[in-house]
Each structure stands twice: as structure tokens, then as C-alpha cells.
file run-v7.txt (compact mmCIF, C-alpha atoms and all ligand atoms)
# COMPACT_ATOMS: atom_id res chain seq x y z
CA MET A 1 97.12 112.53 71.00
CA LYS A 2 97.54 113.42 74.66
CA LEU A 3 100.12 110.71 75.31
CA GLU A 4 102.62 112.65 73.21
CA SER A 5 103.06 115.32 75.84
CA ILE A 6 105.02 112.95 78.10
CA LEU A 7 106.71 110.80 75.46
CA LEU A 8 110.45 110.54 75.25
CA PRO A 9 112.10 110.54 71.81
CA GLY A 10 111.76 107.25 69.95
CA ILE A 11 108.78 105.91 71.88
CA ASP A 12 105.63 105.04 69.94
CA PRO A 13 102.58 107.13 70.81
CA LYS A 14 100.65 103.90 71.12
CA ARG A 15 98.49 102.79 74.03
CA PRO A 16 99.58 101.51 76.43
CA LEU A 17 102.79 103.33 77.22
CA VAL A 18 104.52 100.77 79.45
CA ILE A 19 106.83 101.53 82.35
CA ALA A 20 108.16 98.42 84.07
CA GLY A 21 110.80 97.49 86.59
CA PRO A 22 111.28 96.59 90.22
CA CYS A 23 109.57 98.28 93.13
CA SER A 24 113.07 98.94 94.48
CA ALA A 25 116.55 98.85 93.05
CA GLU A 26 118.17 96.29 95.37
CA THR A 27 121.51 95.31 93.86
CA GLU A 28 123.33 96.11 90.65
CA GLU A 29 122.80 92.52 89.43
CA GLN A 30 119.06 92.58 90.16
CA VAL A 31 118.62 95.88 88.31
CA MET A 32 120.72 94.84 85.31
CA ASN A 33 119.16 91.39 85.07
CA THR A 34 115.59 92.74 85.19
CA ALA A 35 116.35 95.58 82.78
CA LYS A 36 118.03 93.34 80.21
CA GLN A 37 115.05 90.98 80.13
CA LEU A 38 112.62 93.89 79.81
CA ALA A 39 114.66 95.54 77.06
CA ALA A 40 114.72 92.25 75.15
CA ASP A 41 110.90 92.26 75.27
CA GLY A 42 110.77 95.77 73.86
CA ILE A 43 110.02 97.66 77.08
CA LYS A 44 111.42 101.17 76.71
CA ILE A 45 111.15 102.70 80.18
CA LEU A 46 112.50 101.16 83.37
CA ARG A 47 111.16 102.06 86.79
CA ALA A 48 113.08 101.45 90.01
CA GLY A 49 112.62 103.01 93.44
CA ILE A 50 115.87 104.38 94.87
CA TRP A 51 114.41 106.07 97.95
CA LYS A 52 111.48 104.12 99.41
CA PRO A 53 108.90 105.75 101.66
CA ARG A 54 108.02 103.09 104.22
CA THR A 55 104.98 103.02 106.45
CA LYS A 56 107.09 101.94 109.42
CA PRO A 57 110.80 102.45 110.15
CA GLY A 58 112.93 99.36 109.78
CA GLY A 59 111.59 98.34 106.37
CA PHE A 60 113.88 98.52 103.35
CA GLU A 61 114.26 102.22 102.70
CA GLY A 62 116.01 101.98 99.36
CA VAL A 63 119.66 101.87 98.38
CA GLY A 64 119.89 105.63 97.90
CA SER A 65 122.12 107.47 95.44
CA GLU A 66 124.36 104.44 94.90
CA GLY A 67 121.54 102.88 92.86
CA LEU A 68 121.44 105.84 90.48
CA ALA A 69 124.73 104.66 89.00
CA TRP A 70 123.08 101.29 88.25
CA LEU A 71 120.27 103.06 86.41
CA LYS A 72 122.87 104.97 84.41
CA ARG A 73 124.41 101.64 83.48
CA VAL A 74 120.97 100.39 82.35
CA LYS A 75 120.75 103.35 80.00
CA GLN A 76 124.20 102.75 78.58
CA GLU A 77 123.88 99.00 78.14
CA THR A 78 120.23 98.59 77.10
CA GLY A 79 119.26 101.97 75.66
CA MET A 80 116.23 102.05 77.95
CA TYR A 81 115.00 105.25 79.55
CA VAL A 82 115.03 105.18 83.35
CA SER A 83 112.66 106.62 85.93
CA THR A 84 112.51 106.87 89.69
CA GLU A 85 110.50 108.36 92.56
CA VAL A 86 111.50 111.68 94.09
CA ALA A 87 110.19 112.96 97.40
CA THR A 88 112.57 115.81 98.29
CA GLN A 89 114.62 118.52 96.63
CA LYS A 90 117.77 116.49 97.25
CA HIS A 91 116.29 113.49 95.42
CA VAL A 92 115.56 115.73 92.43
CA TYR A 93 119.10 117.09 92.26
CA GLU A 94 120.63 113.63 92.65
CA ALA A 95 118.35 112.09 90.01
CA LEU A 96 119.08 114.86 87.52
CA LYS A 97 122.81 114.58 88.17
CA TYR A 98 122.68 110.92 87.10
CA GLY A 99 120.62 111.61 83.98
CA ILE A 100 117.32 110.02 85.09
CA ASP A 101 114.88 110.53 82.22
CA MET A 102 111.52 110.58 83.97
CA LEU A 103 110.42 111.17 87.56
CA TRP A 104 107.38 110.32 89.59
CA ILE A 105 106.01 111.68 92.82
CA GLY A 106 104.78 108.97 95.19
CA ALA A 107 101.34 108.80 96.76
CA ARG A 108 102.52 109.78 100.25
CA THR A 109 104.37 112.78 98.85
CA THR A 110 101.45 114.00 96.71
CA ALA A 111 99.43 114.21 99.91
CA ASN A 112 101.87 116.83 101.24
CA PRO A 113 101.69 120.23 99.48
CA PHE A 114 104.93 121.46 101.12
CA ALA A 115 106.87 118.54 99.67
CA VAL A 116 105.30 118.89 96.22
CA GLN A 117 106.04 122.62 96.18
CA GLU A 118 109.67 121.95 97.12
CA ILE A 119 110.00 119.38 94.33
CA ALA A 120 108.33 121.70 91.83
CA GLU A 121 110.76 124.49 92.66
CA ALA A 122 113.74 122.16 92.30
CA LEU A 123 112.46 121.23 88.85
CA GLN A 124 111.95 124.75 87.59
CA GLY A 125 113.46 125.11 84.14
CA VAL A 126 114.08 121.36 83.74
CA ASP A 127 112.47 119.74 80.71
CA ILE A 128 111.68 116.32 82.12
CA PRO A 129 108.44 114.32 82.25
CA VAL A 130 107.01 114.10 85.77
CA LEU A 131 104.21 111.76 86.75
CA VAL A 132 102.12 112.47 89.81
CA LYS A 133 100.61 109.56 91.69
CA ASN A 134 97.24 110.12 93.32
CA PRO A 135 97.47 111.00 97.02
CA VAL A 136 96.90 108.12 99.47
CA ASN A 137 93.58 109.66 100.48
CA PRO A 138 90.72 109.92 97.97
CA ASP A 139 90.99 113.67 97.43
CA LEU A 140 90.82 114.70 93.80
CA GLU A 141 91.53 118.36 94.57
CA LEU A 142 94.76 117.45 96.37
CA TRP A 143 95.85 115.43 93.32
CA ILE A 144 94.99 118.31 90.98
CA GLY A 145 96.75 120.74 93.33
CA ALA A 146 99.99 118.77 93.02
CA LEU A 147 99.69 118.74 89.22
CA GLU A 148 99.11 122.50 89.28
CA ARG A 149 102.18 123.12 91.43
CA LEU A 150 104.30 121.47 88.73
CA SER A 151 102.59 123.27 85.91
CA ASN A 152 102.92 126.61 87.76
CA VAL A 153 106.73 126.38 87.65
CA GLY A 154 106.55 125.88 83.88
CA LEU A 155 106.78 122.10 83.53
CA THR A 156 104.82 120.88 80.50
CA LYS A 157 105.48 117.14 80.43
CA ILE A 158 103.11 116.19 83.20
CA GLY A 159 101.08 113.03 83.65
CA ALA A 160 99.03 111.34 86.37
CA ILE A 161 99.37 107.86 87.85
CA HIS A 162 96.34 106.17 89.39
CA ARG A 163 97.56 103.80 92.15
CA GLY A 164 94.39 103.51 94.20
CA PHE A 165 93.42 104.91 97.59
CA SER A 166 94.29 103.70 101.02
CA SER A 167 91.53 102.16 103.09
CA TYR A 168 91.30 100.67 106.56
CA ASP A 169 89.17 97.87 105.28
CA LYS A 170 91.31 95.86 102.86
CA LYS A 171 89.39 93.13 101.13
CA ILE A 172 90.22 92.49 97.50
CA TYR A 173 92.55 95.38 96.80
CA ARG A 174 95.55 96.77 98.60
CA ASN A 175 94.39 100.25 97.57
CA LEU A 176 90.79 100.82 96.48
CA PRO A 177 90.66 101.84 92.83
CA GLN A 178 87.69 104.26 93.21
CA TRP A 179 87.67 104.56 89.42
CA HIS A 180 85.27 107.52 89.53
CA ILE A 181 88.08 109.74 90.86
CA PRO A 182 90.54 109.27 87.94
CA ILE A 183 87.56 109.34 85.55
CA GLU A 184 86.59 112.76 86.92
CA LEU A 185 90.25 113.84 86.58
CA GLN A 186 90.15 112.81 82.91
CA ARG A 187 86.88 114.65 82.39
CA ARG A 188 88.30 117.85 83.88
CA PHE A 189 91.71 117.56 82.14
CA PRO A 190 91.13 115.69 78.87
CA ASP A 191 94.68 116.40 77.67
CA LEU A 192 96.40 115.05 80.77
CA PRO A 193 97.93 111.61 80.15
CA ILE A 194 96.88 109.05 82.75
CA ILE A 195 98.70 105.87 83.66
CA CYS A 196 97.38 103.01 85.78
CA ASP A 197 99.50 101.32 88.46
CA PRO A 198 97.75 97.95 88.82
CA SER A 199 100.57 96.67 91.05
CA HIS A 200 99.85 99.07 93.91
CA ILE A 201 96.08 98.96 93.42
CA GLY A 202 95.95 95.17 93.47
CA GLY A 203 98.77 94.35 95.85
CA LYS A 204 98.73 90.82 94.41
CA ARG A 205 100.20 89.51 91.14
CA ASP A 206 96.93 87.88 90.08
CA LEU A 207 95.07 91.18 89.98
CA ILE A 208 97.47 92.88 87.56
CA GLN A 209 95.98 91.42 84.39
CA PRO A 210 92.31 92.28 85.09
CA LEU A 211 93.18 95.73 86.43
CA SER A 212 95.33 96.50 83.38
CA GLN A 213 92.50 95.45 81.07
CA GLN A 214 90.06 97.61 82.97
CA ALA A 215 92.41 100.60 82.69
CA MET A 216 92.68 100.05 78.93
CA ASP A 217 88.89 99.84 78.65
CA LEU A 218 88.67 103.16 80.48
CA ASN A 219 90.98 104.66 77.86
CA TYR A 220 94.04 105.08 80.08
CA ASP A 221 97.24 105.98 78.24
CA GLY A 222 99.65 103.70 80.00
CA LEU A 223 100.57 101.17 82.64
CA ILE A 224 103.31 101.13 85.25
CA ILE A 225 103.88 97.57 86.41
CA GLU A 226 106.31 96.35 89.06
CA THR A 227 108.52 93.73 87.45
CA HIS A 228 111.37 91.90 89.14
CA CYS A 229 113.76 89.14 87.99
CA ASP A 230 112.95 87.20 91.21
CA PRO A 231 109.65 88.60 92.56
CA GLU A 232 109.22 86.15 95.46
CA ASN A 233 112.47 87.33 96.97
CA ALA A 234 111.98 91.05 96.35
CA TRP A 235 113.00 93.31 99.23
CA SER A 236 109.76 95.31 98.95
CA ASP A 237 106.26 94.60 97.60
CA ALA A 238 107.10 90.95 96.84
CA ALA A 239 103.46 89.79 96.52
CA GLN A 240 102.65 92.19 93.71
CA GLN A 241 105.69 91.96 91.45
CA VAL A 242 105.80 89.81 88.32
CA THR A 243 108.64 88.37 86.27
CA PRO A 244 109.48 89.95 82.90
CA ALA A 245 108.09 86.79 81.26
CA ARG A 246 104.76 87.18 83.05
CA LEU A 247 104.67 90.87 82.14
CA LYS A 248 105.02 89.92 78.51
CA GLU A 249 102.02 87.57 78.81
CA ILE A 250 99.94 90.21 80.59
CA LEU A 251 100.67 92.78 77.92
CA SER A 252 100.04 90.48 74.99
CA ALA A 253 96.69 89.36 76.43
CA LEU A 254 95.43 92.95 76.61
CA ILE A 255 92.63 93.89 74.28
CA ILE A 256 93.12 97.49 73.21
CA ARG A 257 89.91 99.04 72.01
CA ASP A 258 90.06 102.25 70.06
CA GLY A 259 89.00 105.16 72.23
CA LYS A 260 87.77 107.33 69.35
CA GLN A 261 86.55 105.23 66.45
CA SER A 262 83.34 104.06 68.08
CA THR A 263 82.02 107.53 68.98
CA GLU A 264 79.93 107.90 65.82
CA ASP A 265 78.31 104.48 66.12
CA LEU A 266 77.45 105.38 69.67
CA SER A 267 75.60 108.60 68.97
CA ASP A 268 72.17 106.95 68.78
CA LEU A 269 72.65 105.06 71.99
CA ARG A 270 73.98 108.20 73.65
CA LYS A 271 70.86 110.10 72.61
CA GLN A 272 68.77 107.44 74.31
CA ILE A 273 70.86 107.75 77.46
CA ASP A 274 70.42 111.54 77.42
CA GLU A 275 66.66 111.13 77.15
CA LEU A 276 66.55 108.60 79.95
CA ASP A 277 68.66 110.86 82.15
CA ASP A 278 66.18 113.69 81.50
CA GLN A 279 63.37 111.41 82.61
CA LEU A 280 65.29 110.29 85.65
CA LEU A 281 65.87 113.92 86.68
CA GLU A 282 62.24 114.80 86.22
CA LEU A 283 61.15 111.81 88.27
CA LEU A 284 63.63 112.67 90.99
CA ALA A 285 62.43 116.28 91.11
CA LYS A 286 58.84 115.01 91.36
CA ARG A 287 59.83 112.64 94.17
CA MET A 288 61.46 115.54 96.00
CA ARG A 289 58.33 117.68 95.64
CA ILE A 290 56.21 114.94 97.18
CA SER A 291 58.73 114.43 99.91
CA CYS A 292 58.44 118.18 100.65
CA GLU A 293 54.67 117.77 101.01
CA ILE A 294 55.35 115.02 103.52
CA GLY A 295 57.72 117.44 105.24
CA THR A 296 54.91 119.96 105.60
CA PHE A 297 52.64 117.28 107.01
CA LYS A 298 55.31 116.22 109.51
CA LYS A 299 55.75 119.83 110.60
CA GLU A 300 52.02 120.30 111.13
CA HIS A 301 51.83 117.07 113.15
CA ASN A 302 55.03 117.68 115.08
CA MET A 303 56.70 114.50 113.74
CA THR A 304 60.46 113.88 113.32
CA VAL A 305 61.90 113.99 109.81
CA VAL A 306 63.47 110.55 109.82
CA GLN A 307 61.06 107.70 110.46
CA THR A 308 63.46 104.77 110.71
CA ASP A 309 60.90 101.99 110.10
CA ARG A 310 59.67 103.56 106.92
CA TYR A 311 63.21 104.16 105.61
CA ASP A 312 64.16 100.58 106.40
CA GLU A 313 61.13 99.26 104.55
CA ILE A 314 61.90 101.38 101.48
CA LEU A 315 65.51 100.20 101.45
CA GLN A 316 64.65 96.50 101.75
CA LYS A 317 61.92 96.55 99.15
CA ARG A 318 63.75 98.55 96.53
CA ILE A 319 66.99 96.64 96.94
CA ASN A 320 65.18 93.33 96.36
CA GLN A 321 63.37 94.83 93.41
CA ALA A 322 66.62 96.14 91.94
CA GLU A 323 68.30 92.79 92.35
CA ASN A 324 65.44 91.10 90.49
CA MET A 325 66.01 93.61 87.72
CA GLY A 326 69.68 92.64 87.40
CA MET A 327 71.22 95.47 89.38
CA ASN A 328 73.79 95.19 92.13
CA PRO A 329 72.22 95.55 95.62
CA ASP A 330 75.14 97.69 96.83
CA PHE A 331 74.62 100.02 93.92
CA MET A 332 70.92 100.39 94.75
CA HIS A 333 71.76 100.96 98.39
CA THR A 334 74.09 103.82 97.43
CA VAL A 335 71.49 105.40 95.13
CA LEU A 336 68.68 105.17 97.70
CA GLU A 337 70.90 106.54 100.42
CA ALA A 338 71.78 109.55 98.29
CA ILE A 339 68.12 110.19 97.41
CA HIS A 340 67.10 109.82 101.04
CA GLU A 341 69.80 112.22 102.17
CA GLU A 342 68.55 114.91 99.80
CA SER A 343 64.92 114.30 100.82
CA VAL A 344 65.85 114.66 104.47
CA ARG A 345 67.78 117.84 103.73
CA GLN A 346 64.77 119.37 101.98
CA GLN A 347 62.38 118.31 104.75
CA VAL A 348 64.66 119.80 107.42
CA VAL A 349 64.55 123.12 105.55
CA ILE A 350 60.75 122.99 105.66
CA LEU A 351 60.62 122.05 109.32
CA ASN A 352 62.81 125.00 110.24
CA LYS A 353 60.96 127.54 108.17
C1 LIG B 401 106.18 102.62 94.31
O1 LIG B 401 105.88 102.99 93.17
O2 LIG B 401 106.94 101.68 94.57
C2 LIG B 401 105.50 103.28 95.46
C3 LIG B 401 106.09 103.46 96.63
O3 LIG B 401 104.25 103.58 95.17
P1 LIG B 401 103.14 104.50 95.90
O4 LIG B 401 103.74 105.86 96.04
O5 LIG B 401 102.03 104.44 94.91
O6 LIG B 401 102.80 103.84 97.20
MN MN B 402 106.19 99.32 95.25
call {"tool": "encode", "arguments": {"input": "run-v7.txt", "output": "C-alpha cells", "more": "lines below"}}
Ligand code: PEP
Ligand code: MN
result
Amino acid sequence: MKLESILLPGIDPKRPLVIAGPCSAETEEQVMNTAKQLAADGIKILRAGIWKPRTKPGGFEGVGSEGLAWLKRVKQETGMYVSTEVATQKHVYEALKYGIDMLWIGARTTANPFAVQEIAEALQGVDIPVLVKNPVNPDLELWIGALERLSNVGLTKIGAIHRGFSSYDKKIYRNLPQWHIPIELQRRFPDLPIICDPSHIGGKRDLIQPLSQQAMDLNYDGLIIETHCDPENAWSDAAQQVTPARLKEILSALIIRDGKQSTEDLSDLRKQIDELDDQLLELLAKRMRISCEIGTFKKEHNMTVVQTDRYDEILQKRINQAENMGMNPDFMHTVLEAIHEESVRQQVVILNK
């Protein structure tokens, strides 16, 4: 099982692997209090940010190396493993000096190849699991590039964390999940463990449960959930942290479906999907051919490619039709837009021939 590649000794290779702890280590008491409650509930890996990348100066930037000693105390007194975020070479050396067991690279850092390369080089020859958060921008190649930089220096215990993507237009989520991006990552790297960070995707406590369930249904390997002994008074990300007691409820409510078992029962249905996809492709190709004929007509009659009224009419009609058939209007809008874009592209080729 792919989860094994990042597991630390003594941890069950069972989904979900859970990493929990505060957004930031704030005081020794807060770290110890949170960790002791988590350990009592069977959580094996503590997270705590020591150096915090802030969007604007003046926010709480983390306690720095002083907090590493608190994490060491957590290890000694609870037997938990401890993990933290590193963003520079200095962070790596400090974290290793204090015996941190697992590291992660934050979303802002993943977006910067220079920083990732520097971290990778500092980790050369160190046998420690490293998790790479997706970059803040929805760029799968940049995420993969960061993973490759680590693997190129010889690290083997590498995993990915999906924490959502930054967007100007924040409605429900703090960071848009854009599930298709981590799904494509899993398709391209089936052996790479992937962990969901519902805290940073949701930005609100109430979204953690549904997002965690969705991640489990998408066959994610683990969850990293911000957990604080006094979430309301947290020094960073207060709205999205939960108490250890709430974490316990969230985890016990999860329904874990078996990723493999059902494959055989699904083979008939999958065959039907394959056939339908074939038909869809043939229909699309036919639609494109007809659209090319229209392109030729437009060329002969000196007409523009895009006829706004006609496009508008198609959109309205089909979207209503789709909605009556139980499909989401936004979904239909996206599909029609993509089809229209390709039609226009093909007609432009004809016009310029
Ligand atoms: C964090 O884990 O607290 C954090 C800063 O997350 P991200 O890098 O995903 O913003
Ligand atoms: Mn946080």
C-alpha cells in the first residue's frame, strides 16, 4: 500500500493517516496541553508551525526555534511523532537538530522553485518523510516539480498535501479545492501518498467534517487537521481550528470505503461508461465536422466566426435542457464553453486557409 512509504515505525498503514495539532506552536503549555489530549485519543503525529509565513508583516510569525524544544518535550512525554513546516535551509537544520520526525513544505514555499531546491539540498542524505503542500496557485506542474526536486536528491519518503488553491473570489472556501488537480496528480503518480488539509481548504471549522469525508471518498491516504486546546483564542487561523474532542468526533463519523474491493463489481458499469464515452466522442467529432462546414459557409459569405446571438441562444437553451435532466447548470455552461471554444478554433483555421 502506498501509504507505507511515508509511515513512521509503529503507525498502522490504515486510512486515514492522521496528523493533528495547532496551526502554530504558541506557548509550551498550549503545545503540551493539545498534544496530551491528542495522544490520549490515539493520534500519533503532532503538527505545529514554528515559523509562520504570513501574508502581511505584523501577523504572528511563529515562535521560532524556541518552540522546537517544546516539540521535543512532546515526543518525550507522549511518545508522539512531531512535524513542522520548513521554508529555508536554516529551518531544515534547526528542525533536524531537535529531532523533528516529519517535515512539510508550505504552499507559499512550494510556489518558489529556488526555495524548494534549497530545502531539497539541505535534506540530501536525510531519511525523513517530507510532505509537499500544493502551491498557492493552481499549477499541477509546479507541485510535481517540487516533488521531483526532493526525489532528485534521493529522498524516498515523499507525500503530497492538498490544501486548496488561492482565489480572489472567496465564497464558501478559503482556498478552492479544485479536486481535479489532486486527482490528476494521483492518476500520474499512483504510488504517491496524498493527504488532505481540510482546515486550510475550508477556513472554517464547520467545513472540516464534509471535506474530510470527501477526501476519504476520493481515496486519499490521510488528513492533516489543525487542532488546538483553545481554538477561539488561537494566535493564527482561529476560525478553522477544532478542539481535540471535536477532532475525535470528526474522525469517528468518517465512513471509510475500501478503495480496492469494489473494483470487480464495478467492471460492468465501467464498460458501460467506456461505451458511452466512445459515443460521446463520436458525436463531438461529428458536431465539429458540421461546425467546419459552417466555417466554410461563413468564409464564402464573408461572415465573422463568432455570432454572439446564436451562441447566446445555444447556451440558454442547452443549460435549461440540462437542468431539466438533473444536471448542474454551471457544469453545462463549462461543457458548452469548451465545445464552443474548440469549434471556434477549427472555424478560424478554415477562415485563414
Ligand atoms: C499551515 O499549515 O499552517 C500553513 C501555513 O499552511 P499553508 O502552507 O497550506 O498555507
Ligand atoms: Mn494554519
call {"tool": "residues_near_ligand", "arguments": {"input": "run-v7.txt", "ligand": "ligand MN 402 (chain B)", "cutoff": "8 Å", "atoms": "all atoms listed in the file", "output": "list in words"}}
result
Pro22, Cys23, Ser24, Gly49, Ser199, His200, Glu226, Ser236 and Asp237 of chain A
call {"tool": "axis_aligned_box", "arguments": {"input": "run-v7.txt", "around": "segment 265-274 of chain A", "padding_each_side": "3 Å", "output": "AutoDock Vina command-line options"}}
result
--center_x 73.5 --center_y 108.0 --center_z 71.8 --size_x 15.5 --size_y 13.1 --size_z 17.3
call {"tool": "closest_atom_pairs", "arguments": {"input": "run-v7.txt", "of": "chain A", "to": "ligand LIG 401 (chain B)", "cutoff": "9 Å", "atoms": "only C-alpha atoms and all ligand atoms", "output": "JSON lines"}}
result
{"residue": "A:Pro22", "atom": "CA", "partner": "B:LIG401", "partner_atom": "O2", "distance": 8.0}
{"residue": "A:Cys23", "atom": "CA", "partner": "B:LIG401", "partner_atom": "O2", "distance": 4.5}
{"residue": "A:Ser24", "atom": "CA", "partner": "B:LIG401", "partner_atom": "O2", "distance": 6.7}
{"residue": "A:Arg47", "atom": "CA", "partner": "B:LIG401", "partner_atom": "O1", "distance": 8.3}
{"residue": "A:Ala48", "atom": "CA", "partner": "B:LIG401", "partner_atom": "O2", "distance": 7.7}
{"residue": "A:Gly49", "atom": "CA", "partner": "B:LIG401", "partner_atom": "O2", "distance": 5.9}
{"residue": "A:Trp51", "atom": "CA", "partner": "B:LIG401", "partner_atom": "C3", "distance": 8.8}
{"residue": "A:Lys52", "atom": "CA", "partner": "B:LIG401", "partner_atom": "C3", "distance": 6.1}
{"residue": "A:Pro53", "atom": "CA", "partner": "B:LIG401", "partner_atom": "C3", "distance": 6.2}
{"residue": "A:Arg54", "atom": "CA", "partner": "B:LIG401", "partner_atom": "C3", "distance": 7.8}
{"residue": "A:Thr84", "atom": "CA", "partner": "B:LIG401", "partner_atom": "O1", "distance": 8.4}
{"residue": "A:Glu85", "atom": "CA", "partner": "B:LIG401", "partner_atom": "O1", "distance": 7.1}
{"residue": "A:Trp104", "atom": "CA", "partner": "B:LIG401", "partner_atom": "O1", "distance": 8.3}
{"residue": "A:Ile105", "atom": "CA", "partner": "B:LIG401", "partner_atom": "O4", "distance": 7.0}
{"residue": "A:Gly106", "atom": "CA", "partner": "B:LIG401", "partner_atom": "O4", "distance": 3.4}
{"residue": "A:Ala107", "atom": "CA", "partner": "B:LIG401", "partner_atom": "O4", "distance": 3.9}
{"residue": "A:Arg108", "atom": "CA", "partner": "B:LIG401", "partner_atom": "O4", "distance": 5.9}
{"residue": "A:Thr109", "atom": "CA", "partner": "B:LIG401", "partner_atom": "O4", "distance": 7.5}
{"residue": "A:Thr110", "atom": "CA", "partner": "B:LIG401", "partner_atom": "O4", "distance": 8.5}
{"residue": "A:Lys133", "atom": "CA", "partner": "B:LIG401", "partner_atom": "O5", "distance": 6.2}
{"residue": "A:Asn134", "atom": "CA", "partner": "B:LIG401", "partner_atom": "O5", "distance": 7.6}
{"residue": "A:Pro135", "atom": "CA", "partner": "B:LIG401", "partner_atom": "O4", "distance": 8.2}
{"residue": "A:Val136", "atom": "CA", "partner": "B:LIG401", "partner_atom": "O6", "distance": 7.6}
{"residue": "A:Ile161", "atom": "CA", "partner": "B:LIG401", "partner_atom": "O5", "distance": 8.3}
{"residue": "A:His162", "atom": "CA", "partner": "B:LIG401", "partner_atom": "O5", "distance": 8.1}
{"residue": "A:Arg163", "atom": "CA", "partner": "B:LIG401", "partner_atom": "O5", "distance": 5.3}
{"residue": "A:Gly164", "atom": "CA", "partner": "B:LIG401", "partner_atom": "O5", "distance": 7.7}
{"residue": "A:Asp197", "atom": "CA", "partner": "B:LIG401", "partner_atom": "O5", "distance": 7.6}
{"residue": "A:Ser199", "atom": "CA", "partner": "B:LIG401", "partner_atom": "O1", "distance": 8.5}
{"residue": "A:His200", "atom": "CA", "partner": "B:LIG401", "partner_atom": "O5", "distance": 5.9}
{"residue": "A:Ile201", "atom": "CA", "partner": "B:LIG401", "partner_atom": "O5", "distance": 8.2}
{"residue": "A:Ile224", "atom": "CA", "partner": "B:LIG401", "partner_atom": "O1", "distance": 8.5}
{"residue": "A:Ile225", "atom": "CA", "partner": "B:LIG401", "partner_atom": "O1", "distance": 8.9}
{"residue": "A:Glu226", "atom": "CA", "partner": "B:LIG401", "partner_atom": "O2", "distance": 7.7}
{"residue": "A:Ser236", "atom": "CA", "partner": "B:LIG401", "partner_atom": "O2", "distance": 8.2}
{"residue": "A:Asp237", "atom": "CA", "partner": "B:LIG401", "partner_atom": "O2", "distance": 7.7}
call {"tool": "atom_distance", "arguments": {"input": "run-v7.txt", "atom1": "atom CA of Leu315 of chain A", "atom2": "atom CA of Val348 of chain A"}}
result
20.5 Å
call {"tool": "residues_around", "arguments": {"input": "run-v7.txt", "residues": "segment 177-180 of chain A", "least_positions_apart": "5", "cutoff": "12 Å", "atoms": "all atoms listed in the file", "output": "PDB file with C-alpha atoms, in the frame of the given file"}}
result
ATOM      1  CA  ASN A 134      97.240 110.120  93.320  1.00  0.00           C
ATOM      2  CA  VAL A 136      96.900 108.120  99.470  1.00  0.00           C
ATOM      3  CA  ASN A 137      93.580 109.660 100.480  1.00  0.00           C
ATOM      4  CA  PRO A 138      90.720 109.920  97.970  1.00  0.00           C
ATOM      5  CA  ASP A 139      90.990 113.670  97.430  1.00  0.00           C
ATOM      6  CA  LEU A 140      90.820 114.700  93.800  1.00  0.00           C
ATOM      7  CA  ILE A 161      99.370 107.860  87.850  1.00  0.00           C
ATOM      8  CA  HIS A 162      96.340 106.170  89.390  1.00  0.00           C
ATOM      9  CA  ARG A 163      97.560 103.800  92.150  1.00  0.00           C
ATOM     10  CA  GLY A 164      94.390 103.510  94.200  1.00  0.00           C
ATOM     11  CA  PHE A 165      93.420 104.910  97.590  1.00  0.00           C
ATOM     12  CA  SER A 166      94.290 103.700 101.020  1.00  0.00           C
ATOM     13  CA  SER A 167      91.530 102.160 103.090  1.00  0.00           C
ATOM     14  CA  LYS A 170      91.310  95.860 102.860  1.00  0.00           C
ATOM     15  CA  ILE A 172      90.220  92.490  97.500  1.00  0.00           C
ATOM     16  CA  LEU A 185      90.250 113.840  86.580  1.00  0.00           C
ATOM     17  CA  GLN A 186      90.150 112.810  82.910  1.00  0.00           C
ATOM     18  CA  ARG A 187      86.880 114.650  82.390  1.00  0.00           C
ATOM     19  CA  CYS A 196      97.380 103.010  85.780  1.00  0.00           C
ATOM     20  CA  ASP A 197      99.500 101.320  88.460  1.00  0.00           C
ATOM     21  CA  PRO A 198      97.750  97.950  88.820  1.00  0.00           C
ATOM     22  CA  SER A 199     100.570  96.670  91.050  1.00  0.00           C
ATOM     23  CA  HIS A 200      99.850  99.070  93.910  1.00  0.00           C
ATOM     24  CA  ILE A 201      96.080  98.960  93.420  1.00  0.00           C
ATOM     25  CA  GLY A 202      95.950  95.170  93.470  1.00  0.00           C
ATOM     26  CA  GLY A 203      98.770  94.350  95.850  1.00  0.00           C
ATOM     27  CA  LEU A 207      95.070  91.180  89.980  1.00  0.00           C
ATOM     28  CA  LEU A 211      93.180  95.730  86.430  1.00  0.00           C
ATOM     29  CA  SER A 212      95.330  96.500  83.380  1.00  0.00           C
ATOM     30  CA  GLN A 214      90.060  97.610  82.970  1.00  0.00           C
ATOM     31  CA  ALA A 215      92.410 100.600  82.690  1.00  0.00           C
ATOM     32  CA  ASP A 217      88.890  99.840  78.650  1.00  0.00           C
ATOM     33  CA  LEU A 218      88.670 103.160  80.480  1.00  0.00           C
ATOM     34  CA  TYR A 220      94.040 105.080  80.080  1.00  0.00           C
TER      35      TYR A 220
END
call {"tool": "closest_residue", "arguments": {"input": "run-v7.txt", "among": "A:Ile128, A:Ser252, A:Ile144, A:Asp221", "to": "Arg188 of chain A", "atoms": "only C-alpha atoms"}}
result
A:Ile144
